[in-house]
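Text of the file final11.cif, holding mmCIF, C-alpha atoms:
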```
data_structure
#
loop_
_atom_site.label_atom_id
_atom_site.label_comp_id
_atom_site.auth_asym_id
_atom_site.auth_seq_id
_atom_site.Cartn_x
_atom_site.Cartn_y
_atom_site.Cartn_z
CA MET A 25 143.75 97.38 111.25
CA LYS A 26 145.60 97.39 107.92
CA LYS A 27 144.73 93.70 107.46
CA ILE A 28 141.03 94.47 107.97
CA PHE A 29 141.04 97.25 105.36
CA PHE A 30 143.02 95.04 102.97
CA THR A 31 140.48 92.22 103.35
CA LEU A 32 137.51 94.55 102.82
CA GLY A 33 139.19 95.96 99.73
CA LEU A 34 139.64 92.49 98.25
CA LEU A 35 135.99 91.66 98.92
CA GLY A 36 134.83 94.87 97.24
CA LEU A 37 137.04 94.26 94.22
CA SER A 38 135.82 90.67 93.89
CA TYR A 39 132.17 91.79 94.00
CA GLY A 40 132.81 94.40 91.29
CA ILE A 41 134.51 91.88 89.01
CA PHE A 42 131.72 89.30 89.56
CA ALA A 43 129.03 91.85 88.71
CA GLN A 44 130.84 92.82 85.50
CA ASP A 45 131.27 89.19 84.49
CA ASN A 46 127.53 88.43 84.98
CA PRO A 47 125.55 91.30 83.35
CA ALA A 48 122.81 88.91 82.21
CA SER A 49 122.07 87.66 85.71
CA THR A 50 122.06 91.24 86.98
CA MET A 51 119.52 92.29 84.32
CA VAL A 52 117.29 89.28 85.03
CA SER A 53 117.38 90.00 88.74
CA ALA A 54 116.49 93.67 88.16
CA LYS A 55 113.58 92.76 85.85
CA ALA A 56 112.24 90.18 88.31
CA LYS A 57 112.40 92.71 91.13
CA LYS A 58 110.65 95.33 89.02
CA ALA A 59 107.90 92.90 87.97
CA ALA A 60 107.31 91.87 91.57
CA GLN A 61 107.01 95.47 92.71
CA HIS A 62 104.88 96.85 89.85
CA SER A 63 101.48 95.18 90.20
CA LYS A 64 98.83 96.02 87.61
CA ASP A 65 95.80 94.40 89.30
CA PHE A 66 95.73 91.70 86.62
CA LEU A 67 93.71 89.29 88.81
CA VAL A 68 90.59 90.61 90.59
CA VAL A 69 88.56 88.43 93.00
CA GLU A 70 85.34 89.68 94.62
CA LEU A 71 83.38 87.95 97.38
CA GLY A 72 80.26 89.34 99.00
CA TYR A 73 76.48 89.59 99.31
CA VAL A 74 74.01 89.69 96.41
CA GLY A 75 70.44 90.88 96.75
CA LEU A 76 67.38 91.74 94.67
CA THR A 77 65.35 94.93 94.44
CA GLY A 78 62.20 95.80 92.52
CA THR A 79 58.69 94.46 92.02
CA GLY A 80 58.23 91.13 93.78
CA ALA A 81 61.63 91.16 95.52
CA GLY A 82 59.92 91.15 98.91
CA ASN A 83 58.19 87.87 98.07
CA LEU A 84 61.51 86.15 97.42
CA ASP A 85 62.36 85.38 101.04
CA THR A 86 66.14 84.96 101.11
CA LYS A 87 68.85 84.49 103.72
CA PHE A 88 72.50 85.51 103.28
CA ASN A 89 72.95 85.30 99.52
CA ARG A 90 76.50 84.98 98.14
CA THR A 91 78.31 86.27 95.08
CA LEU A 92 81.76 85.36 93.73
CA ASN A 93 83.40 87.11 90.78
CA VAL A 94 86.82 86.31 89.31
CA ALA A 95 88.29 88.30 86.41
CA LEU A 96 91.56 88.66 84.53
CA MET A 97 92.07 92.28 83.45
CA TYR A 98 94.62 94.02 81.24
CA ASP A 99 95.72 97.42 82.56
CA ILE A 100 96.33 100.16 79.94
CA PRO A 101 97.92 103.27 81.56
CA LEU A 102 96.82 106.69 80.33
CA THR A 103 100.15 108.41 79.73
CA GLY A 104 101.11 111.18 82.12
CA SER A 105 98.31 110.54 84.63
CA ASN A 106 97.25 108.37 87.54
CA PHE A 107 94.45 106.88 85.44
CA SER A 108 94.22 103.73 83.35
CA LEU A 109 91.69 101.68 81.39
CA ALA A 110 91.29 97.97 82.10
CA PRO A 111 89.22 95.57 79.96
CA GLY A 112 88.96 91.95 81.04
CA LEU A 113 87.25 88.58 81.02
CA GLY A 114 85.73 86.81 84.01
CA ILE A 115 83.12 84.57 85.61
CA GLY A 116 80.37 85.74 87.97
CA ASN A 117 78.38 83.37 90.19
CA ASP A 118 75.38 84.36 92.34
CA ASN A 119 73.61 82.14 94.88
CA TYR A 120 70.23 83.20 96.29
CA ILE A 121 69.51 81.17 99.43
CA PHE A 122 65.76 80.87 100.10
CA ASN A 123 64.13 80.76 103.51
CA ASN A 124 61.17 78.36 103.77
CA MET A 125 60.30 78.60 100.08
CA THR A 126 61.18 77.23 96.66
CA LEU A 127 61.19 78.84 93.22
CA ASP A 128 59.96 76.97 90.15
CA ILE A 129 61.87 78.36 87.13
CA THR A 130 60.32 75.78 84.77
CA ASN A 131 56.79 77.17 85.18
CA THR A 132 55.33 78.12 81.78
CA THR A 133 53.53 81.24 83.06
CA ALA A 134 56.14 82.93 85.25
CA PRO A 135 58.71 81.96 87.89
CA SER A 136 56.54 80.45 90.62
CA ARG A 137 57.15 80.80 94.38
CA THR A 138 55.99 78.12 96.82
CA ALA A 139 56.11 78.67 100.58
CA THR A 140 57.28 75.48 102.31
CA ASP A 141 59.48 74.25 105.13
CA ALA A 142 59.76 70.78 103.62
CA TYR A 143 63.32 71.43 102.47
CA LYS A 144 66.43 71.93 104.57
CA LYS A 145 68.03 73.97 101.80
CA SER A 146 66.73 75.72 98.71
CA LYS A 147 68.57 78.07 96.37
CA LEU A 148 68.73 79.68 92.94
CA ALA A 149 72.16 79.90 91.27
CA THR A 150 73.18 81.83 88.17
CA THR A 151 76.55 81.87 86.38
CA TYR A 152 77.65 84.51 83.85
CA LEU A 153 80.57 84.89 81.49
CA GLU A 154 81.51 88.55 81.97
CA ILE A 155 83.41 91.26 80.10
CA PRO A 156 84.28 94.08 82.54
CA LEU A 157 85.72 97.49 81.63
CA GLU A 158 87.08 99.84 84.31
CA LEU A 159 88.42 103.38 84.49
CA ARG A 160 90.98 103.21 87.29
CA PHE A 161 92.72 105.77 89.49
CA ARG A 162 95.83 104.86 91.49
CA GLN A 163 97.78 107.01 93.90
CA VAL A 164 100.89 105.04 92.90
CA PRO A 165 100.47 104.54 89.13
CA ASP A 166 103.22 101.92 88.70
CA ASN A 167 102.33 99.76 91.69
CA ALA A 168 98.78 98.73 92.54
CA ASN A 169 100.06 96.99 95.69
CA LYS A 170 100.48 100.38 97.34
CA GLY A 171 98.43 103.49 97.98
CA PHE A 172 94.82 104.54 97.51
CA LYS A 173 92.96 103.37 94.42
CA ALA A 174 89.45 103.53 92.96
CA ALA A 175 87.65 102.27 89.86
CA LEU A 176 84.35 102.86 88.06
CA GLY A 177 83.13 100.67 85.26
CA LEU A 178 80.59 98.59 83.41
CA LYS A 179 80.38 94.89 82.74
CA VAL A 180 78.36 92.78 80.33
CA GLY A 181 77.44 89.27 81.38
CA TYR A 182 76.24 86.35 79.26
CA LEU A 183 74.13 83.81 81.16
CA LEU A 184 75.80 80.39 81.08
CA ASN A 185 73.59 78.57 83.58
CA ALA A 186 70.58 79.07 85.86
CA HIS A 187 69.33 76.35 88.17
CA THR A 188 67.56 75.69 91.44
CA ARG A 189 68.71 73.15 94.01
CA THR A 190 66.74 71.80 96.96
CA VAL A 191 67.77 69.41 99.70
CA GLY A 192 65.19 67.54 101.77
CA ASN A 193 64.23 64.23 103.36
CA LEU A 194 61.93 61.59 101.87
CA THR A 195 61.02 58.74 104.23
CA GLY A 196 64.31 59.16 106.06
CA PHE A 197 66.52 59.49 102.97
CA LYS A 198 68.34 62.60 101.81
CA VAL A 199 66.90 63.80 98.49
CA ILE A 200 68.56 66.43 96.26
CA GLU A 201 66.50 67.95 93.44
CA LYS A 202 68.05 70.15 90.77
CA GLU A 203 66.21 71.92 87.95
CA SER A 204 68.02 73.88 85.25
CA SER A 205 66.36 76.34 82.88
CA LYS A 206 67.33 79.69 81.32
CA TYR A 207 63.88 80.28 79.85
CA TRP A 208 62.75 83.02 82.25
CA PHE A 209 66.13 84.74 82.56
CA ASN A 210 67.53 87.57 80.48
CA THR A 211 70.40 86.24 78.39
CA PHE A 212 72.53 89.34 78.97
CA ARG A 213 73.15 91.32 82.15
CA PHE A 214 74.46 94.89 82.15
CA ALA A 215 75.83 96.24 85.44
CA GLY A 216 77.58 99.30 86.80
CA THR A 217 80.59 98.60 89.03
CA ALA A 218 82.68 100.48 91.59
CA ARG A 219 85.71 99.69 93.76
CA ILE A 220 87.59 101.73 96.36
CA GLY A 221 90.47 100.58 98.53
CA TYR A 222 94.09 100.66 99.55
CA GLY A 223 96.81 98.34 98.27
CA ASN A 224 95.54 94.89 97.41
CA TRP A 225 92.26 95.24 99.36
CA ALA A 226 89.11 97.12 98.40
CA LEU A 227 85.36 97.34 98.83
CA PHE A 228 83.22 96.77 95.74
CA GLY A 229 79.65 97.33 94.67
CA THR A 230 77.58 96.48 91.59
CA TYR A 231 74.07 97.24 90.34
CA ALA A 232 72.38 95.50 87.41
CA LEU A 233 70.94 97.94 84.90
CA ASN A 234 68.43 95.40 83.58
CA GLY A 235 66.24 92.79 85.22
CA LEU A 236 67.24 89.30 86.29
CA PHE A 237 64.12 87.83 84.65
CA LYS A 238 62.46 88.53 81.32
CA ASP A 239 59.41 90.79 81.47
CA ASN A 240 56.67 89.17 83.54
CA ASN A 241 53.92 90.28 85.92
CA THR A 242 55.38 88.55 88.98
CA TYR A 243 59.03 89.53 89.34
CA ALA A 244 60.70 92.61 87.85
CA VAL A 245 63.83 92.50 89.96
CA ASN A 246 67.38 93.81 89.55
CA ALA A 247 70.42 92.33 91.27
CA TYR A 248 72.88 94.34 93.37
CA SER A 249 75.95 93.23 95.30
CA PHE A 250 78.67 94.51 97.62
CA GLY A 251 81.61 93.01 99.47
CA ILE A 252 85.40 92.66 99.59
CA SER A 253 87.73 92.67 96.61
CA VAL A 254 91.28 91.31 96.46
CA SER A 255 93.52 92.17 93.50
CA GLY A 256 97.12 91.73 92.42
CA LEU A 257 99.69 90.39 89.92
#
```
Will you turn the file into structure tokens for me?
Amino acid sequence: MKKIFFTLGLLGLSYGIFAQDNPASTMVSAKAKKAAQHSKDFLVVELGYVGLTGTGAGNLDTKFNRTLNVALMYDIPLTGSNFSLAPGLGIGNDNYIFNNMTLDITNTTAPSRTATDAYKKSKLATTYLEIPLELRFRQVPDNANKGFKAALGLKVGYLLNAHTRTVGNLTGFKVIEKESSKYWFNTFRFAGTARIGYGNWALFGTYALNGLFKDNNTYAVNAYSFGISVSGL
């Protein structure tokens, strides 16, 4: 029994001496552990459904439209509270999948809808460079990987690209047609945003405060979206 206690004592002494001789490694290890535990939701990825509402939206016959948003955000804690502000920079991509129709965005009068089943696939895609700003609440202020959290915000988007893409057959050959034009689209998009979740997972929703297209007599539609959000780092 004495030998066992003697051995344990030597092990404890050796550990204490090693820790004193390596303060730098101890500090690095502690900082790495702290950084791993204290997420600030630096990276935010949203995947879901995007739809249109307003005048003419019913004439744009769509299937399951898709949206993907990726943003890098800088979290600024509000001292002494569970709240923080988070500005950021991101990319937003929306894909409207049409059902038995095409949309001509190069028409000089207004975006023009044509009902047809001649194409296997037909879609409208838009891509925005976005600047989001959120007011965040976290149950665990120092670690966004844990607890309940919610966010309300606004984001401004600058239209980088708008194009249509159709896939069909011509005399037995696969034909892909792509037309790109930003003429009928508003250059900037302003949208309200919301997220609510637990840990790294959340539900999100957005609603555009201005129209997708410039003023015209055919389509005065606003985009909305909802889906799943994953955040971390």
Min atom-atom distance to A:Tyr248 from the set A:Ala226, A:Ala218, A:Val199, A:Ala174, counting all atoms listed in the file, belongs to A:Ala218
**Request:** Could you tell me which residues the PyMOL selection byres ((chain A and resi 64-71) around 10) returns for this structure, as a ChimeraX atom specification?
**Result:** /A:59,61-63,72-74,90-101,108,110,112,114-117,165-169,223-224,226-229,249-257
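Within 12 Å of the point (57.6, 87.5, 83.7) in file coordinates, and counting only C-alpha atoms, lie the residues Thr79, Gly80, Ile129, Asn131, Thr132, Thr133, Ala134, Pro135, Ser136, Tyr207, Trp208, Phe209, Asn210, Gly235, Leu236, Phe237, Lys238, Asp239, Asn240, Asn241, Thr242, Tyr243, Ala244 and Val245 of chain A.
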Those residues with C-alpha atoms, as a tab-separated table (two decimals), keeping the file's coordinate frame please?
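Once written, selection_31.tsv looks like this:
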```tsv
chain	number	residue	atom	x	y	z
A	79	THR	CA	58.69	94.46	92.02
A	80	GLY	CA	58.23	91.13	93.78
A	129	ILE	CA	61.87	78.36	87.13
A	131	ASN	CA	56.79	77.17	85.18
A	132	THR	CA	55.33	78.12	81.78
A	133	THR	CA	53.53	81.24	83.06
A	134	ALA	CA	56.14	82.93	85.25
A	135	PRO	CA	58.71	81.96	87.89
A	136	SER	CA	56.54	80.45	90.62
A	207	TYR	CA	63.88	80.28	79.85
A	208	TRP	CA	62.75	83.02	82.25
A	209	PHE	CA	66.13	84.74	82.56
A	210	ASN	CA	67.53	87.57	80.48
A	235	GLY	CA	66.24	92.79	85.22
A	236	LEU	CA	67.24	89.30	86.29
A	237	PHE	CA	64.12	87.83	84.65
A	238	LYS	CA	62.46	88.53	81.32
A	239	ASP	CA	59.41	90.79	81.47
A	240	ASN	CA	56.67	89.17	83.54
A	241	ASN	CA	53.92	90.28	85.92
A	242	THR	CA	55.38	88.55	88.98
A	243	TYR	CA	59.03	89.53	89.34
A	244	ALA	CA	60.70	92.61	87.85
A	245	VAL	CA	63.83	92.50	89.96
```
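Computed from the coordinates, the atom CA of A:Thr138 to atom CA of A:Lys198 distance equals 20.5 Å.
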Using only C-alpha atoms, which residues sit within 7 Å of stretch 200-205 of chain A once same-chain residues fewer than 4 positions away are excluded, as an MDAnalysis selection string? chainID A and resid 129:130 186:192
*Explicit residues for the PyMOL selection byres ((chain A and resi 119) around 6) (as JSON, numbers by chain)*: {"A": [89, 90, 118, 120, 148, 149]}
note - atom CA of A:Thr151 and atom CA of A:Leu113 are separated by 13.7 Å
### Task
Using the chain letters and numbering of this document, enumerate as an MDAnalysis selection string the residues selected by the PyMOL selection byres ((chain A and resi 222) around 6).
chainID A and resid 171:173 221 223 225
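What separates atom CA of A:Leu176 from atom CA of A:Glu154 is a distance of 15.8 Å.
Comparing the minimum interatomic distances between A:Thr150 and each of A:Ala247, A:Leu102, A:Val180, A:Leu194, counting all atoms listed in the file, we find that A:Ala247 sits nearest.
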Of A:Phe122, A:Phe107, A:Phe212, A:Tyr143, the one nearest to A:Leu159 when counting all atoms listed in the file is A:Phe107
### Task
Could you give me, as a PyMOL selection string, the residues that sit within 7 Å of (75.0, 96.4, 83.9) in the file's coordinates, counting all atoms listed in the file?
chain A and resi 178-180+213-216+231-234
